[in-house]
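**Q** Below is input_4.txt; it holds compact mmCIF, C-alpha atoms and all ligand atoms.
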# COMPACT_ATOMS: atom_id res chain seq x y z
CA MET A 1 75.34 -62.45 -76.20
CA GLY A 2 75.93 -62.43 -79.92
CA ARG A 3 77.72 -59.18 -80.73
CA THR A 4 80.82 -59.95 -78.76
CA GLY A 5 83.82 -60.10 -81.04
CA PRO A 6 87.38 -61.25 -80.54
CA GLY A 7 89.22 -59.35 -77.84
CA GLU A 8 86.08 -58.06 -76.16
CA ALA A 9 84.60 -59.27 -72.94
CA GLU A 10 80.84 -58.93 -72.71
CA GLY A 11 80.01 -55.92 -70.62
CA GLY A 12 83.68 -55.09 -70.43
CA ARG A 13 85.72 -52.38 -72.09
CA PRO A 14 86.26 -52.92 -75.83
CA ALA A 15 89.84 -53.77 -76.64
CA GLY A 16 89.85 -51.59 -79.78
CA SER A 17 91.06 -48.05 -80.40
CA HIS A 18 88.22 -46.36 -78.46
CA ALA A 19 89.27 -47.82 -75.13
CA ALA A 20 91.12 -44.67 -74.08
CA ALA A 21 88.26 -42.23 -74.86
CA THR A 22 87.38 -39.70 -72.16
CA PRO A 23 85.32 -41.52 -69.55
CA ALA A 24 81.68 -40.39 -69.46
CA TYR A 25 81.21 -40.95 -65.75
CA GLY A 26 81.60 -39.23 -62.44
CA MET A 27 79.15 -36.82 -60.80
CA ALA A 28 78.87 -34.96 -57.54
CA PHE A 29 76.57 -36.47 -54.91
CA SER A 30 73.09 -34.98 -54.64
CA LEU A 31 70.24 -36.01 -52.38
CA GLU A 32 67.88 -36.12 -55.36
CA LEU A 33 69.88 -38.54 -57.50
CA GLY A 34 71.32 -40.51 -54.59
CA THR A 35 67.94 -41.26 -53.07
CA GLU A 36 66.64 -42.44 -56.47
CA VAL A 37 68.87 -45.48 -56.04
CA LEU A 38 68.39 -45.88 -52.27
CA ARG A 39 64.61 -45.96 -52.70
CA ARG A 40 64.58 -48.81 -55.17
CA THR A 41 67.19 -51.16 -53.68
CA PRO A 42 64.68 -53.08 -51.50
CA ASP A 43 62.46 -53.80 -54.53
CA VAL A 44 65.46 -54.81 -56.65
CA LEU A 45 66.61 -57.25 -53.98
CA HIS A 46 63.11 -58.61 -53.52
CA THR A 47 62.66 -59.17 -57.25
CA MET A 48 66.10 -60.70 -57.58
CA LEU A 49 65.95 -63.11 -54.63
CA SER A 50 62.51 -63.77 -53.17
CA GLY A 51 61.24 -67.23 -54.09
CA LEU A 52 64.53 -68.45 -55.56
CA SER A 53 65.71 -71.93 -54.64
CA GLU A 54 68.23 -72.39 -51.85
CA GLN A 55 70.93 -73.35 -54.35
CA TRP A 56 70.93 -69.75 -55.56
CA VAL A 57 70.32 -68.00 -52.28
CA MET A 58 72.48 -69.96 -49.84
CA SER A 59 75.52 -70.75 -52.03
CA ASN A 60 78.62 -68.59 -51.73
CA GLU A 61 81.68 -68.07 -53.94
CA GLY A 62 83.99 -70.33 -51.91
CA THR A 63 85.91 -70.02 -48.65
CA ALA A 64 85.32 -66.82 -46.66
CA THR A 65 82.74 -65.39 -49.08
CA TRP A 66 79.10 -64.52 -48.49
CA SER A 67 75.94 -66.04 -49.93
CA PRO A 68 73.18 -63.72 -51.21
CA TYR A 69 71.29 -64.52 -47.99
CA GLN A 70 74.26 -63.36 -45.89
CA VAL A 71 74.63 -60.22 -47.98
CA VAL A 72 70.99 -59.29 -47.26
CA GLY A 73 71.63 -59.89 -43.53
CA HIS A 74 74.66 -57.60 -43.67
CA LEU A 75 72.75 -54.90 -45.59
CA THR A 76 69.91 -55.04 -43.06
CA HIS A 77 72.23 -54.83 -40.07
CA VAL A 78 74.14 -51.89 -41.54
CA GLU A 79 70.83 -50.23 -42.38
CA GLU A 80 69.84 -50.48 -38.73
CA CYS A 81 73.01 -49.09 -37.22
CA ASP A 82 75.15 -47.15 -39.65
CA TRP A 83 73.97 -44.54 -42.14
CA ILE A 84 71.44 -42.48 -40.23
CA ASP A 85 73.31 -42.93 -36.97
CA ARG A 86 76.47 -41.47 -38.53
CA THR A 87 74.47 -38.75 -40.27
CA SER A 88 73.11 -37.67 -36.88
CA VAL A 89 76.60 -37.74 -35.34
CA ILE A 90 77.89 -35.42 -38.08
CA LEU A 91 74.94 -33.03 -37.74
CA GLU A 92 75.07 -32.94 -33.94
CA HIS A 93 78.79 -33.14 -33.17
CA GLY A 94 80.67 -32.45 -36.40
CA ALA A 95 84.22 -33.79 -36.51
CA ASP A 96 84.59 -33.83 -32.70
CA HIS A 97 82.92 -37.19 -32.24
CA VAL A 98 84.45 -40.31 -33.87
CA PHE A 99 81.90 -42.70 -35.45
CA ASP A 100 81.40 -46.04 -33.73
CA PRO A 101 83.02 -48.83 -35.79
CA VAL A 102 80.63 -51.15 -37.69
CA ASP A 103 80.98 -54.92 -37.35
CA ARG A 104 80.45 -56.19 -40.91
CA GLU A 105 79.39 -59.66 -39.79
CA ALA A 106 77.24 -58.75 -36.78
CA GLY A 107 74.10 -59.17 -38.93
CA PHE A 108 74.72 -62.92 -39.19
CA LEU A 109 74.14 -63.33 -35.45
CA ARG A 110 71.46 -60.66 -35.15
CA PHE A 111 69.30 -62.35 -37.83
CA ASP A 112 70.18 -65.98 -37.11
CA GLY A 113 67.25 -68.19 -38.13
CA TRP A 114 65.35 -65.49 -40.08
CA SER A 115 63.88 -66.46 -43.45
CA LEU A 116 65.09 -64.59 -46.50
CA ASP A 117 61.65 -63.00 -46.96
CA ASP A 118 61.64 -61.79 -43.35
CA LEU A 119 65.06 -60.25 -43.91
CA LEU A 120 63.99 -58.58 -47.15
CA ASP A 121 60.90 -57.16 -45.41
CA ARG A 122 62.97 -55.90 -42.49
CA PHE A 123 65.49 -54.29 -44.84
CA ALA A 124 62.69 -52.57 -46.79
CA SER A 125 61.04 -51.22 -43.67
CA VAL A 126 64.27 -49.88 -42.10
CA ARG A 127 65.25 -48.33 -45.44
CA ARG A 128 61.86 -46.56 -45.68
CA SER A 129 62.23 -45.19 -42.20
CA ASN A 130 65.86 -44.12 -42.83
CA LEU A 131 64.89 -42.27 -46.00
CA SER A 132 62.23 -40.32 -44.16
CA SER A 133 64.79 -39.48 -41.45
CA LEU A 134 67.23 -38.40 -44.16
CA ASP A 135 64.58 -36.18 -45.71
CA ALA A 136 63.83 -34.58 -42.35
CA LEU A 137 67.48 -34.13 -41.30
CA VAL A 138 69.53 -33.23 -44.36
CA ASP A 139 69.51 -30.58 -47.11
CA ASP A 140 72.00 -30.31 -49.96
CA ASP A 141 73.57 -27.40 -48.05
CA ASP A 142 74.60 -29.82 -45.27
CA LEU A 143 76.61 -32.14 -47.54
CA GLY A 144 79.92 -30.43 -46.80
CA GLN A 145 79.58 -30.92 -43.02
CA ARG A 146 82.38 -32.97 -41.54
CA GLY A 147 82.64 -36.01 -39.32
CA THR A 148 85.43 -38.30 -38.17
CA HIS A 149 85.70 -41.92 -39.29
CA PRO A 150 87.64 -44.28 -36.96
CA ASP A 151 89.98 -45.35 -39.80
CA PHE A 152 89.81 -42.65 -42.49
CA GLY A 153 89.77 -39.57 -40.26
CA GLU A 154 87.83 -36.57 -41.55
CA VAL A 155 85.02 -37.27 -44.04
CA THR A 156 82.07 -35.23 -45.31
CA LEU A 157 78.38 -36.01 -44.98
CA GLY A 158 78.20 -36.05 -48.79
CA GLU A 159 80.89 -38.73 -48.90
CA LEU A 160 79.04 -40.79 -46.29
CA LEU A 161 75.76 -40.59 -48.22
CA ALA A 162 77.39 -41.33 -51.58
CA THR A 163 78.94 -44.37 -49.87
CA TRP A 164 75.47 -45.47 -48.75
CA VAL A 165 74.41 -45.55 -52.42
CA VAL A 166 77.50 -47.33 -53.70
CA HIS A 167 77.41 -49.77 -50.78
CA ASP A 168 73.99 -50.88 -52.10
CA LEU A 169 75.34 -51.19 -55.65
CA ASN A 170 78.48 -52.97 -54.46
CA HIS A 171 76.50 -55.60 -52.58
CA MET A 172 73.98 -56.05 -55.39
CA GLY A 173 76.97 -56.68 -57.66
CA GLN A 174 78.28 -59.18 -55.10
CA ILE A 175 74.94 -61.02 -55.13
CA VAL A 176 74.87 -61.14 -58.93
CA LYS A 177 78.49 -62.35 -58.98
CA SER A 178 77.89 -65.13 -56.48
CA MET A 179 74.88 -66.31 -58.49
CA ALA A 180 76.83 -66.22 -61.77
CA LYS A 181 79.62 -68.30 -60.22
CA GLN A 182 77.24 -71.15 -59.46
CA TYR A 183 77.30 -71.85 -63.22
CA SER A 184 81.09 -71.51 -63.60
CA ARG A 185 81.39 -75.00 -65.02
CA ALA A 186 77.90 -75.24 -66.51
CA VAL A 187 78.61 -72.58 -69.15
CA GLY A 188 81.48 -74.63 -70.59
CA PRO A 189 83.72 -72.75 -73.04
CA TRP A 190 81.61 -69.54 -72.90
CA ARG A 191 83.30 -68.81 -69.57
CA ALA A 192 85.97 -66.93 -71.55
CA PHE A 193 83.33 -64.30 -72.47
CA LEU A 194 81.81 -64.05 -68.98
CA PRO A 195 84.30 -62.09 -66.86
CA ILE A 196 81.94 -62.06 -63.88
CA ILE A 197 82.72 -65.73 -63.28
CA ASP A 198 86.41 -65.08 -62.68
CA ALA A 199 86.00 -61.69 -61.03
CA THR A 200 87.21 -61.46 -57.46
NI NI B 301 79.08 -53.89 -46.79
Spell out the structure here as structure tokens.
**A**
Amino acid sequence: MGRTGPGEAEGGRPAGSHAAATPAYGMAFSLELGTEVLRRTPDVLHTMLSGLSEQWVMSNEGTATWSPYQVVGHLTHVEECDWIDRTSVILEHGADHVFDPVDREAGFLRFDGWSLDDLLDRFASVRRSNLSSLDALVDDDDLGQRGTHPDFGEVTLGELLATWVVHDLNHMGQIVKSMAKQYSRAVGPWRAFLPIIDAT
């Protein structure tokens, strides 16, 4: 805080004349840069959540939203059944074989009763094993290979793997957002400068 001026949201786009400048983002997927993020997600989650009180870990953002604990359950379930499974389908069958659909909430049942630390450990160990499978199965030359998604139709392996990375980032953002919202009222008038609190 501190340098935020009128018309600017902290962490948001400045409202001044530079807002329309050419965006300095957007890159093609590569195994090297993508796996940099995939490798560290388990440690980030562990540092962010392990040992926190239940008020942080088990609270959600309101009706039909997930707590950080539920997000970790979802990430772990998807880690077990999605990314490497679909990678193998693309490499073995190409676009002829439609991916199995993924049940986004199946992790809640699968991990019912698990402690958060057990979930974090399980996520870390499946991620490690998936990254060694990825290393063994895929080269950058394979990224253009095609598969068939049940809803989107034809997709590339590169798109699937980029989605794996952004799925991590998306759910880490969701965890941060649900934690921030626990202090929606506690921050008082500063809420106006904290767009995460009112983000959907
Ligand atoms: Ni997800």
**Q** Can you tell me which residues come within 9 Å of ligand NI 301 (chain B) when counting all atoms listed in the file, ideally as number ranges by chain?
**A** A: 71, 74-75, 78, 104, 167-168, 170-171
**Q** Record the distance separating atom CA of A:Thr76 and atom CA of A:Phe111, expressed in Å with one decimal.
**A**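 Atom CA of A:Phe111 lies at a distance of 9.0 Å from atom CA of A:Thr76.
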**Q** So which one's closest to A:Leu31, A:Met179, A:Val155, A:Ala136, A:Ile196? Using all atoms listed in the file, please.
**A**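 Using all atoms listed in the file, A:Leu31 sits closest to A:Ala136.
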**Q** Skipping near chain neighbours, those fewer than 3 positions away, what residues fall within 7 Å of A:Thr156 using all atoms listed in the file, listed as number ranges by chain?
**A** A: 143-147, 159-160
**Q** Could you check which of A:Pro150, A:Val138, A:Arg122, A:Ser59 is closest to A:Tyr183, using all atoms listed in the file?
**A**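 Among A:Pro150, A:Val138, A:Arg122, A:Ser59, it is A:Ser59 that comes nearest to A:Tyr183.
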**Q** Could you tell me how far atom CA of A:Asp139 lies from atom CA of A:Glu32, in Å and to one decimal?
**A** 10.1 Å
**Q** Go through A:Asp112, A:Thr35, A:Ser184, A:Val72 and flag the residue nearest A:Val166, using only C-alpha atoms for the distances.
**A**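 Result for the nearest residue to A:Val166: A:Thr35.
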**Q** So that all listed atoms of stretch 67-83 of chain A fit with 4 Å spare on each side, what axis-aligned box centre and edge lengths in Å, to one decimal, would you give as JSON?
**A**
{"center_x": 72.9, "center_y": -55.3, "center_z": -44.2, "size_x": 14.1, "size_y": 29.5, "size_z": 22.0}
**Q** So what do you get for atom CA of A:Pro101 versus atom CA of A:Asn130, distance-wise?
**A**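 Atom-to-atom, atom CA of A:Pro101 to atom CA of A:Asn130, that is 19.1 Å.
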**Q** Identify, on the basis of only C-alpha atoms, every residue whose closest approach to A:Asn60 does not exceed 9 Å; exclude the query and any residue fewer than 3 positions from it along the same chain; express the result as a VMD selection string.
**A** chain A and resid 56 to 57 63 to 68 70 178 to 179 181 to 182
**Q** Go through A:Trp114, A:Trp83, A:Phe29, A:Phe123 and flag the residue nearest A:Val44, using only C-alpha atoms for the distances.
**A**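 Answer, going by the shortest atom-to-atom distance: A:Phe123.
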**Q** Between A:Thr148, A:Thr163, A:Ser30, A:Ser132, which has the minimum distance to A:Val89 (counting all atoms listed in the file)?
**A**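 Checking each of A:Thr148, A:Thr163, A:Ser30, A:Ser132 against A:Val89, counting all atoms listed in the file, the winner is A:Thr148.
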**Q** Using only C-alpha atoms, find the one residue out of A:Leu120, A:Ala106, A:Glu36, A:Gly51 that sits nearest to A:Cys81.
**A**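 Nearest candidate to A:Cys81 out of A:Leu120, A:Ala106, A:Glu36, A:Gly51: A:Ala106.
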**Q** Please provide as number ranges by chain all residues within 10 Å of A:Ser88, with the sequence filter that same-chain residues fewer than 4 positions apart are discarded (counting all atoms listed in the file).
**A** A: 83-84, 92-94, 133-134, 137-138, 147, 157
